[in-house]
$ cat query_26.cif   # mmCIF, C-alpha atoms; chains and numbers go by the auth columns
data_entry
#
loop_
_atom_site.group_PDB
_atom_site.id
_atom_site.type_symbol
_atom_site.label_atom_id
_atom_site.label_comp_id
_atom_site.label_asym_id
_atom_site.label_seq_id
_atom_site.Cartn_x
_atom_site.Cartn_y
_atom_site.Cartn_z
_atom_site.B_iso_or_equiv
_atom_site.auth_seq_id
_atom_site.auth_asym_id
ATOM 1 C CA MET A 1 101.538 125.733 130.166 0.00 844 A
ATOM 2 C CA VAL A 2 103.612 122.683 129.308 0.00 845 A
ATOM 3 C CA GLY A 3 104.796 121.302 132.595 0.00 846 A
ATOM 4 C CA ASN A 4 104.487 117.535 132.582 0.00 847 A
ATOM 5 C CA GLY A 5 105.193 114.504 130.420 0.00 848 A
ATOM 6 C CA ALA A 6 101.602 114.141 129.205 0.00 849 A
ATOM 7 C CA SER A 7 101.515 117.748 127.984 0.00 850 A
ATOM 8 C CA VAL A 8 104.817 117.365 126.192 0.00 851 A
ATOM 9 C CA ALA A 9 103.594 114.210 124.461 0.00 852 A
ATOM 10 C CA LYS A 10 100.367 115.956 123.424 0.00 853 A
ATOM 11 C CA SER A 11 102.293 118.911 122.022 0.00 854 A
ATOM 12 C CA THR A 12 104.632 116.610 120.100 0.00 855 A
ATOM 13 C CA GLU A 13 101.727 114.674 118.610 0.00 856 A
ATOM 14 C CA ARG A 14 99.946 117.861 117.587 0.00 857 A
ATOM 15 C CA THR A 15 103.087 119.115 115.851 0.00 858 A
ATOM 16 C CA ARG A 16 103.482 115.802 114.020 0.00 859 A
ATOM 17 C CA LEU A 17 99.910 115.910 112.711 0.00 860 A
ATOM 18 C CA LEU A 18 100.424 119.402 111.393 0.00 861 A
ATOM 19 C CA GLY A 19 103.455 118.256 109.450 0.00 862 A
ATOM 20 C CA ILE A 20 105.701 120.748 111.209 0.00 863 A
ATOM 21 C CA GLY A 21 108.945 118.938 111.716 0.00 864 A
ATOM 22 C CA PRO A 22 109.874 115.253 111.547 0.00 865 A
ATOM 23 C CA GLY A 23 108.072 112.400 113.225 0.00 866 A
ATOM 24 C CA PRO A 24 107.248 108.709 112.724 0.00 867 A
ATOM 25 C CA GLY A 25 104.841 108.316 109.849 0.00 868 A
ATOM 26 C CA ASN A 26 104.856 112.016 109.013 0.00 869 A
ATOM 27 C CA PRO A 27 104.148 112.139 105.237 0.00 870 A
ATOM 28 C CA VAL A 28 104.879 115.830 104.868 0.00 871 A
ATOM 29 C CA ILE A 29 108.306 116.928 103.705 0.00 872 A
ATOM 30 C CA ASP A 30 107.672 120.548 104.630 0.00 873 A
ATOM 31 C CA ILE A 31 104.892 122.943 105.554 0.00 874 A
ATOM 32 C CA THR A 32 104.831 126.650 106.299 0.00 875 A
ATOM 33 C CA ARG A 33 102.400 128.581 108.474 0.00 876 A
ATOM 34 C CA ARG A 34 101.433 130.816 105.567 0.00 877 A
ATOM 35 C CA VAL A 35 97.940 132.242 105.935 0.00 878 A
ATOM 36 C CA THR A 36 95.933 132.379 102.701 0.00 879 A
ATOM 37 C CA SER A 37 92.747 134.230 101.855 0.00 880 A
ATOM 38 C CA ARG A 38 91.208 130.949 100.690 0.00 881 A
ATOM 39 C CA SER A 39 91.389 129.269 104.097 0.00 882 A
ATOM 40 C CA LEU A 40 88.824 130.360 106.638 0.00 883 A
ATOM 41 C CA SER A 41 91.468 131.045 109.252 0.00 884 A
ATOM 42 C CA GLY A 42 94.893 130.121 107.974 0.00 885 A
ATOM 43 C CA LEU A 43 96.895 127.523 109.871 0.00 886 A
ATOM 44 C CA ARG A 44 96.165 127.551 113.567 0.00 887 A
ATOM 45 C CA LEU A 45 96.720 125.093 116.394 0.00 888 A
ATOM 46 C CA ILE A 46 93.419 124.000 117.882 0.00 889 A
ATOM 47 C CA ARG A 47 92.501 122.880 121.380 0.00 890 A
ATOM 48 C CA TRP A 48 92.438 119.103 121.672 0.00 891 A
ATOM 49 C CA THR A 49 89.329 118.858 123.886 0.00 892 A
ATOM 50 C CA ARG A 50 87.119 116.679 121.693 0.00 893 A
ATOM 51 C CA ARG A 51 85.516 113.526 122.981 0.00 894 A
ATOM 52 C CA PRO A 52 87.173 110.240 121.912 0.00 895 A
ATOM 53 C CA GLY A 53 86.030 109.285 118.448 0.00 896 A
ATOM 54 C CA SER A 54 84.605 112.700 117.575 0.00 897 A
ATOM 55 C CA ALA A 55 85.894 114.986 114.815 0.00 898 A
ATOM 56 C CA ALA A 56 87.870 118.088 115.829 0.00 899 A
ATOM 57 C CA TYR A 57 86.453 120.039 112.877 0.00 900 A
ATOM 58 C CA SER A 58 82.987 120.499 111.454 0.00 901 A
ATOM 59 C CA ARG A 59 82.214 118.160 108.581 0.00 902 A
ATOM 60 C CA ALA A 60 79.231 120.354 107.671 0.00 903 A
ATOM 61 C CA VAL A 61 81.206 123.329 106.383 0.00 904 A
ATOM 62 C CA SER A 62 82.280 123.686 102.778 0.00 905 A
ATOM 63 C CA PHE A 63 85.838 123.870 101.507 0.00 906 A
ATOM 64 C CA THR A 64 87.343 123.415 98.062 0.00 907 A
ATOM 65 C CA ILE A 65 90.528 121.611 97.061 0.00 908 A
ATOM 66 C CA GLY A 66 91.909 122.005 93.538 0.00 909 A
ATOM 67 C CA PHE A 67 93.862 119.308 91.723 0.00 910 A
ATOM 68 C CA ASP A 68 96.007 119.308 88.602 0.00 911 A
ATOM 69 C CA LEU A 69 95.367 116.373 86.245 0.00 912 A
ATOM 70 C CA ASP A 70 98.321 114.843 84.324 0.00 913 A
ATOM 71 C CA MET A 71 100.777 113.096 86.659 0.00 914 A
ATOM 72 C CA THR A 72 98.808 114.355 89.660 0.00 915 A
ATOM 73 C CA LEU A 73 95.526 112.467 89.341 0.00 916 A
ATOM 74 C CA ILE A 74 96.156 110.498 86.141 0.00 917 A
ATOM 75 C CA ASP A 75 99.037 108.891 84.231 0.00 918 A
ATOM 76 C CA PRO A 76 98.356 109.199 80.473 0.00 919 A
ATOM 77 C CA ARG A 77 101.914 108.575 79.289 0.00 920 A
ATOM 78 C CA ALA A 78 101.480 105.260 77.436 0.00 921 A
ATOM 79 C CA GLY A 79 98.726 106.607 75.198 0.00 922 A
ATOM 80 C CA ILE A 80 100.498 109.910 74.599 0.00 923 A
ATOM 81 C CA VAL A 81 103.529 108.101 73.182 0.00 924 A
ATOM 82 C CA GLU A 82 101.263 106.225 70.753 0.00 925 A
ATOM 83 C CA VAL A 83 99.536 109.410 69.608 0.00 926 A
ATOM 84 C CA PHE A 84 102.869 111.126 69.009 0.00 927 A
ATOM 85 C CA ASP A 85 103.983 108.151 66.916 0.00 928 A
ATOM 86 C CA VAL A 86 100.822 108.469 64.800 0.00 929 A
ATOM 87 C CA LEU A 87 101.259 112.221 64.391 0.00 930 A
ATOM 88 C CA ALA A 88 104.902 111.763 63.408 0.00 931 A
ATOM 89 C CA ALA A 89 103.948 109.201 60.772 0.00 932 A
ATOM 90 C CA GLU A 90 101.131 111.379 59.399 0.00 933 A
ATOM 91 C CA SER A 91 103.072 114.644 59.299 0.00 934 A
ATOM 92 C CA GLY A 92 106.626 113.499 58.607 0.00 935 A
ATOM 93 C CA ILE A 93 107.758 115.589 61.589 0.00 936 A
ATOM 94 C CA PRO A 94 110.094 113.721 63.981 0.00 937 A
ATOM 95 C CA LEU A 95 107.837 114.189 67.013 0.00 938 A
ATOM 96 C CA ASP A 96 109.288 112.503 70.093 0.00 939 A
ATOM 97 C CA GLY A 97 106.555 111.379 72.445 0.00 940 A
ATOM 98 C CA ARG A 98 108.989 109.555 74.706 0.00 941 A
ATOM 99 C CA ALA A 99 110.788 112.821 75.375 0.00 942 A
ATOM 100 C CA PHE A 100 107.494 114.691 75.771 0.00 943 A
ATOM 101 C CA ILE A 101 106.254 112.468 78.590 0.00 944 A
ATOM 102 C CA THR A 102 109.367 113.282 80.638 0.00 945 A
ATOM 103 C CA ARG A 103 108.241 116.905 80.868 0.00 946 A
ATOM 104 C CA LEU A 104 104.435 116.665 81.060 0.00 947 A
ATOM 105 C CA GLY A 105 102.724 119.692 82.521 0.00 948 A
ATOM 106 C CA PRO A 106 102.865 122.656 80.122 0.00 949 A
ATOM 107 C CA PRO A 107 100.368 122.896 77.238 0.00 950 A
ATOM 108 C CA LEU A 108 100.916 120.730 74.152 0.00 951 A
ATOM 109 C CA ARG A 109 101.480 123.865 72.081 0.00 952 A
ATOM 110 C CA GLN A 110 104.567 124.652 74.178 0.00 953 A
ATOM 111 C CA GLU A 111 106.010 121.241 73.330 0.00 954 A
ATOM 112 C CA LEU A 112 105.358 121.670 69.600 0.00 955 A
ATOM 113 C CA VAL A 113 107.123 125.035 69.541 0.00 956 A
ATOM 114 C CA ARG A 114 110.338 123.075 70.144 0.00 957 A
ATOM 115 C CA TYR A 115 110.118 121.814 66.559 0.00 958 A
ATOM 116 C CA ASP A 116 110.170 125.309 65.021 0.00 959 A
ATOM 117 C CA LEU A 117 106.825 124.781 63.298 0.00 960 A
ATOM 118 C CA ASP A 118 104.618 127.425 61.737 0.00 961 A
ATOM 119 C CA GLU A 119 101.366 128.375 63.461 0.00 962 A
ATOM 120 C CA ALA A 120 99.135 126.559 60.986 0.00 963 A
ATOM 121 C CA THR A 121 101.027 123.292 61.513 0.00 964 A
ATOM 122 C CA ILE A 122 100.878 123.650 65.283 0.00 965 A
ATOM 123 C CA GLU A 123 97.130 124.267 65.143 0.00 966 A
ATOM 124 C CA HIS A 124 96.644 121.187 62.977 0.00 967 A
ATOM 125 C CA LEU A 125 98.717 118.967 65.274 0.00 968 A
ATOM 126 C CA VAL A 126 96.937 120.201 68.396 0.00 969 A
ATOM 127 C CA ALA A 127 93.532 119.532 66.812 0.00 970 A
ATOM 128 C CA ARG A 128 94.610 116.089 65.618 0.00 971 A
ATOM 129 C CA TYR A 129 96.066 115.230 69.043 0.00 972 A
ATOM 130 C CA ARG A 130 92.801 116.190 70.717 0.00 973 A
ATOM 131 C CA ALA A 131 90.814 114.141 68.206 0.00 974 A
ATOM 132 C CA LEU A 132 92.940 111.022 68.768 0.00 975 A
ATOM 133 C CA THR A 133 92.967 111.266 72.554 0.00 976 A
ATOM 134 C CA PRO A 134 89.552 109.653 73.244 0.00 977 A
ATOM 135 C CA SER A 135 90.392 106.483 71.300 0.00 978 A
ATOM 136 C CA MET A 136 94.138 106.209 71.957 0.00 979 A
ATOM 137 C CA VAL A 137 95.021 107.911 75.229 0.00 980 A
ATOM 138 C CA ILE A 138 92.001 107.641 77.501 0.00 981 A
ATOM 139 C CA PRO A 139 91.681 103.815 77.317 0.00 982 A
ATOM 140 C CA ARG A 140 95.350 103.427 78.322 0.00 983 A
ATOM 141 C CA THR A 141 95.340 106.032 81.088 0.00 984 A
ATOM 142 C CA VAL A 142 95.507 104.889 84.703 0.00 985 A
ATOM 143 C CA ALA A 143 94.831 106.694 87.949 0.00 986 A
ATOM 144 C CA MET A 144 97.875 107.780 89.928 0.00 987 A
ATOM 145 C CA PRO A 145 98.360 105.908 93.227 0.00 988 A
ATOM 146 C CA GLY A 146 96.031 107.389 95.806 0.00 989 A
ATOM 147 C CA ALA A 147 94.167 109.617 93.330 0.00 990 A
ATOM 148 C CA VAL A 148 90.706 108.118 93.738 0.00 991 A
ATOM 149 C CA GLU A 149 91.119 107.952 97.506 0.00 992 A
ATOM 150 C CA SER A 150 92.368 111.556 97.687 0.00 993 A
ATOM 151 C CA VAL A 151 89.381 113.000 95.841 0.00 994 A
ATOM 152 C CA ARG A 152 87.076 110.865 97.935 0.00 995 A
ATOM 153 C CA ALA A 153 88.815 112.098 101.094 0.00 996 A
ATOM 154 C CA VAL A 154 87.814 115.632 100.128 0.00 997 A
ATOM 155 C CA THR A 155 84.177 114.840 99.408 0.00 998 A
ATOM 156 C CA ASP A 156 83.796 112.504 102.385 0.00 999 A
ATOM 157 C CA ARG A 157 84.818 115.399 104.635 0.00 1000 A
ATOM 158 C CA GLY A 158 82.246 117.762 103.137 0.00 1001 A
ATOM 159 C CA GLY A 159 84.522 119.451 100.615 0.00 1002 A
ATOM 160 C CA ARG A 160 84.449 120.069 96.891 0.00 1003 A
ATOM 161 C CA ALA A 161 87.167 118.692 94.594 0.00 1004 A
ATOM 162 C CA VAL A 162 87.845 120.590 91.368 0.00 1005 A
ATOM 163 C CA VAL A 163 90.348 120.046 88.555 0.00 1006 A
ATOM 164 C CA VAL A 164 92.252 122.895 86.909 0.00 1007 A
ATOM 165 C CA THR A 165 94.473 121.670 84.093 0.00 1008 A
ATOM 166 C CA ALA A 166 96.324 122.623 80.937 0.00 1009 A
ATOM 167 C CA LYS A 167 94.569 119.758 79.165 0.00 1010 A
ATOM 168 C CA TYR A 168 91.705 120.327 76.706 0.00 1011 A
ATOM 169 C CA ALA A 169 88.659 120.377 78.978 0.00 1012 A
ATOM 170 C CA PRO A 170 86.411 117.837 77.155 0.00 1013 A
ATOM 171 C CA ASN A 171 89.237 115.287 77.173 0.00 1014 A
ATOM 172 C CA ALA A 172 90.000 116.059 80.816 0.00 1015 A
ATOM 173 C CA VAL A 173 86.375 115.315 81.705 0.00 1016 A
ATOM 174 C CA ALA A 174 86.465 112.084 79.679 0.00 1017 A
ATOM 175 C CA HIS A 175 89.631 110.941 81.478 0.00 1018 A
ATOM 176 C CA LEU A 176 88.016 111.455 84.871 0.00 1019 A
ATOM 177 C CA GLU A 177 84.789 109.735 83.856 0.00 1020 A
ATOM 178 C CA GLN A 178 86.718 106.754 82.488 0.00 1021 A
ATOM 179 C CA LEU A 179 88.497 106.319 85.823 0.00 1022 A
ATOM 180 C CA GLY A 180 85.479 107.016 88.005 0.00 1023 A
ATOM 181 C CA ILE A 181 87.028 110.101 89.624 0.00 1024 A
ATOM 182 C CA GLU A 182 84.136 112.387 90.555 0.00 1025 A
ATOM 183 C CA VAL A 183 84.823 116.114 90.889 0.00 1026 A
ATOM 184 C CA SER A 184 82.596 119.173 91.107 0.00 1027 A
ATOM 185 C CA ALA A 185 84.161 121.131 88.251 0.00 1028 A
ATOM 186 C CA VAL A 186 86.790 120.834 85.519 0.00 1029 A
ATOM 187 C CA VAL A 187 88.510 123.888 84.046 0.00 1030 A
ATOM 188 C CA GLY A 188 90.874 123.247 81.136 0.00 1031 A
ATOM 189 C CA ASP A 189 93.386 125.018 78.886 0.00 1032 A
ATOM 190 C CA LEU A 190 95.051 126.848 81.781 0.00 1033 A
ATOM 191 C CA TRP A 191 98.697 126.801 82.755 0.00 1034 A
ATOM 192 C CA SER A 192 100.843 128.295 85.505 0.00 1035 A
ATOM 193 C CA THR A 193 99.602 131.705 86.710 0.00 1036 A
ATOM 194 C CA ALA A 194 96.614 131.457 84.355 0.00 1037 A
ATOM 195 C CA LYS A 195 95.247 128.803 86.725 0.00 1038 A
ATOM 196 C CA ALA A 196 94.915 131.407 89.472 0.00 1039 A
ATOM 197 C CA ALA A 197 91.701 133.001 88.207 0.00 1040 A
ATOM 198 C CA ALA A 198 89.956 129.620 87.973 0.00 1041 A
ATOM 199 C CA LEU A 199 91.157 128.610 91.439 0.00 1042 A
ATOM 200 C CA GLN A 200 89.863 131.867 92.884 0.00 1043 A
ATOM 201 C CA GLU A 201 86.557 131.567 91.023 0.00 1044 A
ATOM 202 C CA GLN A 202 86.111 128.043 92.406 0.00 1045 A
ATOM 203 C CA GLY A 203 87.089 129.198 95.904 0.00 1046 A
ATOM 204 C CA ALA A 204 89.964 126.713 96.159 0.00 1047 A
ATOM 205 C CA GLU A 205 92.003 127.209 99.319 0.00 1048 A
ATOM 206 C CA VAL A 206 94.456 124.416 98.406 0.00 1049 A
ATOM 207 C CA PHE A 207 95.858 123.426 95.005 0.00 1050 A
ATOM 208 C CA VAL A 208 97.600 120.091 94.509 0.00 1051 A
ATOM 209 C CA GLY A 209 99.957 119.552 91.572 0.00 1052 A
ATOM 210 C CA ASP A 210 103.157 117.924 90.398 0.00 1053 A
ATOM 211 C CA HIS A 211 104.733 120.721 88.368 0.00 1054 A
ATOM 212 C CA LEU A 212 106.417 124.061 89.049 0.00 1055 A
ATOM 213 C CA GLY A 213 103.592 125.669 87.067 0.00 1056 A
ATOM 214 C CA ASP A 214 101.119 124.277 89.582 0.00 1057 A
ATOM 215 C CA ILE A 215 103.023 125.825 92.470 0.00 1058 A
ATOM 216 C CA THR A 216 103.136 129.142 90.613 0.00 1059 A
ATOM 217 C CA GLY A 217 99.401 128.965 89.942 0.00 1060 A
ATOM 218 C CA ALA A 218 98.596 128.176 93.562 0.00 1061 A
ATOM 219 C CA ARG A 219 100.733 131.030 94.850 0.00 1062 A
ATOM 220 C CA ALA A 220 99.179 133.458 92.364 0.00 1063 A
ATOM 221 C CA ALA A 221 95.729 132.413 93.627 0.00 1064 A
ATOM 222 C CA ASP A 222 96.856 132.782 97.259 0.00 1065 A
ATOM 223 C CA ALA A 223 96.010 129.108 97.768 0.00 1066 A
ATOM 224 C CA LEU A 224 98.071 126.674 99.821 0.00 1067 A
ATOM 225 C CA ALA A 225 100.434 124.947 97.360 0.00 1068 A
ATOM 226 C CA VAL A 226 100.683 121.184 97.841 0.00 1069 A
ATOM 227 C CA GLY A 227 103.269 119.521 95.619 0.00 1070 A
ATOM 228 C CA VAL A 228 103.329 115.818 94.799 0.00 1071 A
ATOM 229 C CA ALA A 229 106.622 114.434 93.509 0.00 1072 A
ATOM 230 C CA THR A 230 105.006 112.110 90.951 0.00 1073 A
ATOM 231 C CA GLY A 231 105.758 114.085 87.791 0.00 1074 A
ATOM 232 C CA PRO A 232 108.922 115.488 86.196 0.00 1075 A
ATOM 233 C CA ILE A 233 109.811 117.728 89.154 0.00 1076 A
ATOM 234 C CA SER A 234 111.665 116.471 92.226 0.00 1077 A
ATOM 235 C CA ALA A 235 110.445 117.018 95.767 0.00 1078 A
ATOM 236 C CA ASP A 236 113.395 119.317 96.460 0.00 1079 A
ATOM 237 C CA ASP A 237 112.620 121.454 93.399 0.00 1080 A
ATOM 238 C CA LEU A 238 108.934 121.681 94.307 0.00 1081 A
ATOM 239 C CA LYS A 239 109.911 122.860 97.755 0.00 1082 A
ATOM 240 C CA ALA A 240 112.419 125.356 96.346 0.00 1083 A
ATOM 241 C CA ALA A 241 109.712 126.724 94.022 0.00 1084 A
ATOM 242 C CA GLY A 242 107.584 127.659 97.015 0.00 1085 A
ATOM 243 C CA ALA A 243 105.408 124.630 97.741 0.00 1086 A
ATOM 244 C CA ASP A 244 103.952 124.877 101.232 0.00 1087 A
ATOM 245 C CA VAL A 245 103.718 121.105 101.476 0.00 1088 A
ATOM 246 C CA VAL A 246 105.459 118.370 99.474 0.00 1089 A
ATOM 247 C CA LEU A 247 104.147 114.801 99.475 0.00 1090 A
ATOM 248 C CA THR A 248 105.826 111.797 97.903 0.00 1091 A
ATOM 249 C CA ASP A 249 102.548 110.849 96.203 0.00 1092 A
ATOM 250 C CA LEU A 250 98.798 111.081 96.716 0.00 1093 A
ATOM 251 C CA THR A 251 98.652 108.032 98.956 0.00 1094 A
ATOM 252 C CA GLN A 252 99.798 110.462 101.654 0.00 1095 A
ATOM 253 C CA PHE A 253 97.191 113.113 100.839 0.00 1096 A
ATOM 254 C CA PRO A 254 94.194 111.857 102.895 0.00 1097 A
ATOM 255 C CA ALA A 255 96.270 111.874 106.089 0.00 1098 A
ATOM 256 C CA TRP A 256 97.639 115.314 105.244 0.00 1099 A
ATOM 257 C CA LEU A 257 94.125 116.620 104.535 0.00 1100 A
ATOM 258 C CA GLU A 258 92.968 115.371 107.920 0.00 1101 A
ATOM 259 C CA SER A 259 95.842 117.194 109.609 0.00 1102 A
ATOM 260 C CA TYR A 260 95.105 120.349 107.595 0.00 1103 A
ATOM 261 C CA LEU A 261 91.460 120.339 108.627 0.00 1104 A
ATOM 262 C CA LEU A 262 92.456 119.754 112.237 0.00 1105 A
ATOM 263 C CA ALA A 263 94.890 122.658 112.065 0.00 1106 A
ATOM 264 C CA THR A 264 92.465 125.152 110.543 0.00 1107 A
ATOM 265 C CA VAL A 265 89.042 126.341 111.537 0.00 1108 A
ATOM 266 C CA HIS A 266 86.558 124.634 109.194 0.00 1109 A
#

$ encode --input "query_26.cif" --output "structure tokens"
Amino acid sequence: MVGNGASVAKSTERTRLLGIGPGPGNPVIDITRRVTSRSLSGLRLIRWTRRPGSAAYSRAVSFTIGFDLDMTLIDPRAGIVEVFDVLAAESGIPLDGRAFITRLGPPLRQELVRYDLDEATIEHLVARYRALTPSMVIPRTVAMPGAVESVRAVTDRGGRAVVVTAKYAPNAVAHLEQLGIEVSAVVGDLWSTAKAAALQEQGAEVFVGDHLGDITGARAADALAVGVATGPISADDLKAAGADVVLTDLTQFPAWLESYLLATVH
């Protein structure tokens, strides 16, 4: 029963850590108490009876967090523009890489359909794009702010980090290796609801992404949907699409993960 100032302060602090409501330093724009089949218990307030300095959750248990790739963990935009320029010069098609990078997320094929191309031409351009990526895109790709630390936050707490992306899987793996981002699994060529099967197969209880398709995929997998407003979609639109949590960027993810683990039985 809350009946004194100390209890009120404890309750307020617990609420802040969960991301439920505003508070100083609270990185979470919004969170729901939606229970998912991926989480061992769903969101639940725990008893704060741990000894000072001890963890309130077990670091020995296993949990899996899924991440999208482009504009979630990595920023490949500079190299993509160069590849599009090469493809435009080779094919004579006015491909606009600068426009493409403003809507990264869906598969490359979906972008090429905009040009009213026949299937054979699309297949050729996709194959050529994939072939040029290792030499032109990967060397110019940088990690998104907080990406390395976010993946490490998962593994340091006993979890598995996996990547589920629309990108061609071998190139996705090469991107991660180039940047030293170590994950347990990479599943490529999946978009929107098609990501759900991979997330379920990997046992992901949370999926982190920057696009509406990532939110849709997470919801279809019954995983907690964590949006990061670092891609083409605003924080408000991610929230409106059904994101359970919206972060400004991944620099806020480790603190959110800690609060999530504190709020669930792991």

$ resolve_selection --input "query_26.cif" --expression "the PyMOL selection byres ((chain A and resi 999-1015) around 7)" --output "PyMOL selection string"
chain A and resi 902-912+949-950+977+994-998+1016-1019+1026-1034+1038

$ closest_residue --input "query_26.cif" --among "A:Ala931, A:Ala1063, A:Thr1094, A:Ile1058" --to "A:Ala1078" --atoms "all atoms listed in the file"
A:Ile1058

$ resolve_selection --input "query_26.cif" --expression "the PyMOL selection byres ((chain A and resi 982) around 12)" --output "PyMOL selection string"
chain A and resi 917-923+925+975-981+983-986+1014+1017-1022

$ atom_distance --input "query_26.cif" --atom1 "atom CA of A:His1054" --atom2 "atom CA of A:Ile965"
23.6 Å

$ atom_distance --input "query_26.cif" --atom1 "atom CA of A:Gln1045" --atom2 "atom CA of A:Arg1062"
15.1 Å

$ residues_around --input "query_26.cif" --residues "A:Leu938" --least-positions-apart "4" --cutoff "9 Å" --atoms "all atoms listed in the file" --output "ChimeraX atom specification"
/A:927-928,930-932,942-943,955,958

$ closest_residue --input "query_26.cif" --among "A:Ile936, A:Leu1100, A:Val1071, A:Ala1037" --to "A:Gly1056" --atoms "all atoms listed in the file"
A:Ala1037

$ closest_residue --input "query_26.cif" --among "A:Ala1040, A:Ala1047, A:Leu916, A:Ala1064" --to "A:Phe1096" --atoms "only C-alpha atoms"
A:Leu916

$ atom_distance --input "query_26.cif" --atom1 "atom CA of A:Gly948" --atom2 "atom CA of A:Asp1079"
17.6 Å

$ closest_residue --input "query_26.cif" --among "A:Glu1025, A:Pro988, A:Val926, A:Arg941" --to "A:Arg971" --atoms "all atoms listed in the file"
A:Val926

$ resolve_selection --input "query_26.cif" --expression "the PyMOL selection byres ((chain A and resi 947) around 8)" --output "list in words"
Asp913, Met914, Phe943, Ile944, Thr945, Arg946, Gly948, Pro949, Gly1074 and Pro1075 of chain A

$ decode --input "query_26.cif" --residues "stretch 951-995 of chain A" --atoms "C-alpha atoms" --output "mmCIF file, in the first residue's frame"
data_model
loop_
_atom_site.group_PDB
_atom_site.id
_atom_site.type_symbol
_atom_site.label_atom_id
_atom_site.label_comp_id
_atom_site.auth_asym_id
_atom_site.auth_seq_id
_atom_site.Cartn_x
_atom_site.Cartn_y
_atom_site.Cartn_z
ATOM 1 C CA LEU A 951 15.051 -2.965 -54.107
ATOM 2 C CA ARG A 952 12.645 -4.627 -56.533
ATOM 3 C CA GLN A 953 9.821 -2.463 -55.158
ATOM 4 C CA GLU A 954 11.833 0.661 -55.946
ATOM 5 C CA LEU A 955 12.591 -0.480 -59.503
ATOM 6 C CA VAL A 956 8.917 -1.137 -60.218
ATOM 7 C CA ARG A 957 8.473 2.648 -60.069
ATOM 8 C CA TYR A 958 10.284 2.888 -63.409
ATOM 9 C CA ASP A 959 7.789 0.656 -65.249
ATOM 10 C CA LEU A 960 10.488 -1.831 -66.233
ATOM 11 C CA ASP A 961 9.988 -5.329 -67.577
ATOM 12 C CA GLU A 962 10.804 -8.301 -65.352
ATOM 13 C CA ALA A 963 14.014 -9.203 -67.165
ATOM 14 C CA THR A 964 15.388 -5.676 -66.711
ATOM 15 C CA ILE A 965 14.469 -5.640 -63.034
ATOM 16 C CA GLU A 966 16.196 -8.985 -62.502
ATOM 17 C CA HIS A 967 19.325 -7.712 -64.234
ATOM 18 C CA LEU A 968 19.428 -4.504 -62.185
ATOM 19 C CA VAL A 969 18.893 -6.350 -58.907
ATOM 20 C CA ALA A 970 21.711 -8.785 -59.730
ATOM 21 C CA ARG A 971 24.029 -5.963 -60.782
ATOM 22 C CA TYR A 972 23.201 -3.956 -57.640
ATOM 23 C CA ARG A 973 24.027 -6.950 -55.461
ATOM 24 C CA ALA A 974 27.285 -7.520 -57.336
ATOM 25 C CA LEU A 975 28.399 -3.895 -56.906
ATOM 26 C CA THR A 976 27.465 -3.650 -53.238
ATOM 27 C CA PRO A 977 30.597 -5.296 -51.750
ATOM 28 C CA SER A 978 32.982 -2.902 -53.514
ATOM 29 C CA MET A 979 30.887 0.284 -53.574
ATOM 30 C CA VAL A 980 28.401 0.270 -50.710
ATOM 31 C CA ILE A 981 29.941 -1.725 -47.879
ATOM 32 C CA PRO A 982 33.182 0.326 -47.638
ATOM 33 C CA ARG A 983 31.155 3.554 -47.332
ATOM 34 C CA THR A 984 28.575 2.237 -44.873
ATOM 35 C CA VAL A 985 28.687 3.418 -41.269
ATOM 36 C CA ALA A 986 27.034 2.110 -38.137
ATOM 37 C CA MET A 987 24.021 4.046 -36.897
ATOM 38 C CA PRO A 988 24.584 5.890 -33.594
ATOM 39 C CA GLY A 989 24.279 3.407 -30.763
ATOM 40 C CA ALA A 990 24.083 0.341 -33.028
ATOM 41 C CA VAL A 991 27.206 -1.438 -31.817
ATOM 42 C CA GLU A 992 26.374 -0.641 -28.203
ATOM 43 C CA SER A 993 22.767 -1.826 -28.606
ATOM 44 C CA VAL A 994 23.723 -5.240 -29.965
ATOM 45 C CA ARG A 995 26.351 -5.556 -27.273
#
